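Please read the structure below before turning to the comments.
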There are 4 protein chains.
Amino acid sequence: MLNDVNDEYTGLRKKLYEIIEGPVVSGIIQLLILASAVAFVLETEFTEYKESIFDPIDWTFLAIFTVEYLLRIYTAPDRKAFIFSFFGIVDLLAILPALVLIPGFQILRVLRFLRIFRIFKATRFVLAVDRMIEALAEVKRELLALVILCSLFVYLAACGIYVFEKDVQPDKFGSIPDAMWWAIVSLTTIGYGDVYPMTPGGKIFTALVALVGVGLIAIPSGLLASVLTEARVEEKLQDEENGEEDEK
Amino acid sequence: MLNDVNDEYTGLRKKLYEIIEGPVVSGIIQLLILASAVAFVLETEFTEYKESIFDPIDWTFLAIFTVEYLLRIYTAPDRKAFIFSFFGIVDLLAILPALVLIPGFQILRVLRFLRIFRIFKATRFVLAVDRMIEALAEVKRELLALVILCSLFVYLAACGIYVFEKDVQPDKFGSIPDAMWWAIVSLTTIGYGDVYPMTPGGKIFTALVALVGVGLIAIPSGLLASVLTEARVEEKLQDEENGEEDEK
Amino acid sequence: MLNDVNDEYTGLRKKLYEIIEGPVVSGIIQLLILASAVAFVLETEFTEYKESIFDPIDWTFLAIFTVEYLLRIYTAPDRKAFIFSFFGIVDLLAILPALVLIPGFQILRVLRFLRIFRIFKATRFVLAVDRMIEALAEVKRELLALVILCSLFVYLAACGIYVFEKDVQPDKFGSIPDAMWWAIVSLTTIGYGDVYPMTPGGKIFTALVALVGVGLIAIPSGLLASVLTEARVEEKLQDEENGEEDEK
Amino acid sequence: MLNDVNDEYTGLRKKLYEIIEGPVVSGIIQLLILASAVAFVLETEFTEYKESIFDPIDWTFLAIFTVEYLLRIYTAPDRKAFIFSFFGIVDLLAILPALVLIPGFQILRVLRFLRIFRIFKATRFVLAVDRMIEALAEVKRELLALVILCSLFVYLAACGIYVFEKDVQPDKFGSIPDAMWWAIVSLTTIGYGDVYPMTPGGKIFTALVALVGVGLIAIPSGLLASVLTEARVEEKLQDEENGEEDEK
């Protein structure tokens, strides 16, 4: 397969590729990602050591990840495929904003934590993650329809509560976007308590909307859980059938 | 079939019907509905431009939707069936209140957003939505029984907390309807924090009611999720069986 | 069967029994129960009319339900079985406290609303309710184990948060029962916001407890939803098998 | 089997073992554990009787549990296996901290309540608990992957909200650990209301994060519920098959 892509894919490059994709380097990279994540947490807690300790650590991590990214491009059998793969883009997004020194864009440095998803490349999760992605793919139409239905529901709930509450609580329900904040916080059942209806009409409307909407928003995760189990059961049945055939 | 309903269903009317129900016009209409929804959101945010910008936009949308509705009636093969169909009524509700110029009824203009459900007529959702409606239909008896059970539970919870809290918090639990507001907010687990029991008896009652009621109210959405999966699995099995038969 | 119980079960008694258990009387009784429930709600809202309007209504309902209860006993084929049946006890509980004129016990009058469950005797729910009770019975061991597990979890969570928070918030976490109120409100995800941890230790403990406990408490309702679907699917398969056998 | 482990396992030791593991002693021990749990609750409520009533009770329970633990070691057929078994460690943890008289470690006495899990050794739960553990074991890979995914999500949510809110609410979102408290409270949908976003950006971010994360965190318990049902259904099918074979 590799020959098709690049005939000169031999020697050092191939060896480097095998090392960089091997379990040892992968493990170290994953540990470094975790370490950089922990360092970022500590940096926000102990701000007094930002310049003396955390900034140098940060730049070191950045240097390592940049080198790693360049090495991955250099060694990849199919460079284009790697650069535009999910992890290729994640790796780029993780280092690119950090390199930008324009102050306003410094905030994008949090993007570096996207790299944390690399942990799922650990061998023992591959099967479970694959199964989940497969389950997700199987119900993607239903999920999309449910997401749109939920969005419409949130929109209509926000329009409704706006009509009821805008005159009594103009600071909290003064516009539809404000009302949408209430709708999200209520229908996910978080209910911080910063905004809630006060008029009788608004309360009755909320009661109706909550009983339907709370159930609606809970369906997608129930669906995913259900599909995951089905996938597992089917796989098991397949294994058993294969087993029986083997016995014959 | 069309001949049965109306023998003169030919020429321009039929052509117009095919255009209006075709993918191009449907897509444009859906975009216009979305645009009018967005315009309404912006109108509430930027109230200073209401008369100069948003009111003309609003009237334009209304004019378009009214023309569309009339065209749909004119071109429908079976006019009565269209007028009393789900989308026929939605379309009417969406334009009727807007035409009413009596100030008090202006509030009904939010009904226009019911039209937003037209988005589900987009071809790629039809299957998923159909499957959901089918799943819903299969468990409608259980759902109805659960809805009634939940209503009774909310009622009894409200009566109970009213007995415990009415003397200590007469402003918040002074009547059963007030107590029902607490019951809904608590059993949906929203828990805004505007009303909660303060007496030891009320707290113990809440603890018992919450542990049972929260579970009860979560059953319907779990049921729907579960049924959706079953429907999908059965369909798949059917397909496989048909496939096997085809092979023979 | 009736002969075994009572040889003289004929004539008027039998006729009365058939009338009282028939759809017409059942429907009227259910409407009266709903009406009395609505009257009680209105009574708490419009307290000024309590003596002039609601008390006479109340006594009328009580009189009707007492006569109905006595008639049910008189006409029952097996009196003992009726008196100790679920609905027999509910009917008694519903009228007994109302008859007691001792002021302190007047509060027990809310028990009358237990009668509201009679609504489930309506023919079209019987099947759905039966199926639910069956599903409940099938997983009753698991449910009991889960309930005990949840209780232990709530207990341990309360003990833990008590240790962390008792010194900082002695008014809110001053004893284990107080801490249990927090545990219930948190693990059901209601989260009123009247009590929450403030110490770093208490917050970390809450984070761990919440992530596990919230999932734990959600399992029973998921289980019931899942079992309800299985029961329905099995029934359907049975019907199909029977159908196939009939074809042969 | 016992002979393999210890040839001298006869006489008094064996008899004592049978008594201590028998239903009578198990039942008494379980009652004593419950009683000690209740005593601890009452002790925190009625602190004035701590020294006069609860301390003696406490020491009595401790003495009984210590004797019981030593007896269990003495009588165990395989002592090493018992000491390092789940319940062996729990029993030790339950008495060890209580024996330590150093004031600072007195807090560890709450560990004694771990013993409360002994209640699951009651015969009638054994089957249900076994089934649950089995179900748990079957999906442990998926669960682990979901737990890690949820942790990453909480981490990224905390990083994100920190960026949006740190300048406006430095006391509540001043560091990532603070932001994590918000993330946990929000994504479990508890929503105490002590911390919530106030900036428009933070609210939009919360809306997106909540809609995805709330569903994500609900998947594991749905998965467990689903797997529990599958396990039960399979067992039933197995029983039916065996029944059919027996008939042959």
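Starting from 1 in every chain, residues are counted up; chains themselves are A, B, ... following the order of the structure tokens, and ligands are numbered from 1 as listed.
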
Select residues of chain A: the criterion is any atom within 6 Å of an atom of chain B, counting only C-alpha atoms; output as a list of chain:residue names.
A:Glu142, A:Ser175, A:Ile176, A:Thr189, A:Ile190, A:Gly191, A:Tyr192, A:Gly193, A:Gly215, A:Ile219, A:Gly222, A:Leu223

Selected residues written out, N, CA and C atoms, as a PDB file, in the first residue's frame:
```
ATOM      1  N   GLU A 142     -31.525   9.950  12.887  1.00  0.00           N
ATOM      2  CA  GLU A 142     -32.425  10.195  14.006  1.00  0.00           C
ATOM      3  C   GLU A 142     -31.849  11.293  14.899  1.00  0.00           C
ATOM      4  N   SER A 175     -35.310  40.243  25.569  1.00  0.00           N
ATOM      5  CA  SER A 175     -35.171  39.922  24.150  1.00  0.00           C
ATOM      6  C   SER A 175     -35.159  38.408  23.985  1.00  0.00           C
ATOM      7  N   ILE A 176     -35.370  37.955  22.758  1.00  0.00           N
ATOM      8  CA  ILE A 176     -35.408  36.509  22.523  1.00  0.00           C
ATOM      9  C   ILE A 176     -34.071  35.847  22.897  1.00  0.00           C
ATOM     10  N   THR A 189     -32.457  21.112  32.338  1.00  0.00           N
ATOM     11  CA  THR A 189     -32.730  20.910  33.774  1.00  0.00           C
ATOM     12  C   THR A 189     -31.601  21.382  34.678  1.00  0.00           C
ATOM     13  N   ILE A 190     -30.702  22.216  34.145  1.00  0.00           N
ATOM     14  CA  ILE A 190     -29.671  22.769  35.024  1.00  0.00           C
ATOM     15  C   ILE A 190     -30.338  23.694  36.051  1.00  0.00           C
ATOM     16  N   GLY A 191     -31.099  24.657  35.591  1.00  0.00           N
ATOM     17  CA  GLY A 191     -31.853  25.527  36.494  1.00  0.00           C
ATOM     18  C   GLY A 191     -31.010  26.261  37.507  1.00  0.00           C
ATOM     19  N   TYR A 192     -30.100  27.110  37.016  1.00  0.00           N
ATOM     20  CA  TYR A 192     -29.239  27.837  37.955  1.00  0.00           C
ATOM     21  C   TYR A 192     -30.061  28.650  38.951  1.00  0.00           C
ATOM     22  N   GLY A 193     -31.169  29.202  38.485  1.00  0.00           N
ATOM     23  CA  GLY A 193     -31.970  30.064  39.354  1.00  0.00           C
ATOM     24  C   GLY A 193     -31.687  31.533  39.120  1.00  0.00           C
ATOM     25  N   GLY A 215     -38.175  15.870  28.565  1.00  0.00           N
ATOM     26  CA  GLY A 215     -38.201  14.520  28.022  1.00  0.00           C
ATOM     27  C   GLY A 215     -37.574  14.464  26.637  1.00  0.00           C
ATOM     28  N   ILE A 219     -33.992  12.275  25.106  1.00  0.00           N
ATOM     29  CA  ILE A 219     -34.097  11.135  24.191  1.00  0.00           C
ATOM     30  C   ILE A 219     -32.772  10.796  23.501  1.00  0.00           C
ATOM     31  N   GLY A 222     -30.490   8.625  25.577  1.00  0.00           N
ATOM     32  CA  GLY A 222     -31.091   7.305  25.756  1.00  0.00           C
ATOM     33  C   GLY A 222     -30.948   6.473  24.500  1.00  0.00           C
ATOM     34  N   LEU A 223     -31.137   7.131  23.359  1.00  0.00           N
ATOM     35  CA  LEU A 223     -31.011   6.456  22.072  1.00  0.00           C
ATOM     36  C   LEU A 223     -29.599   5.909  21.885  1.00  0.00           C
TER      37      LEU A 223
END
```

Out of region 36-99 of chain D, which residues get alpha helix (DSSP H) from DSSP, as a PyMOL selection string?
chain D and resi 36-45+55-75+79-83+86-99

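Between CA of Leu152 (chain D) and CA of Gln30 (chain A) there is a distance of 13.2 Å.
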
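One finds CA of Tyr69 (chain A) at 10.3 Å from CA of Ile89 (chain A).
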
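Note that CA of Tyr162 (chain A) and CA of Met198 (chain D) are 19.2 Å apart.
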
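Among the candidate residues C:Asp58, C:Asp130, C:Asp239, C:Asp167, the one lying nearest to Leu32 (chain C) is C:Asp58, with distances computed using only C-alpha atoms.
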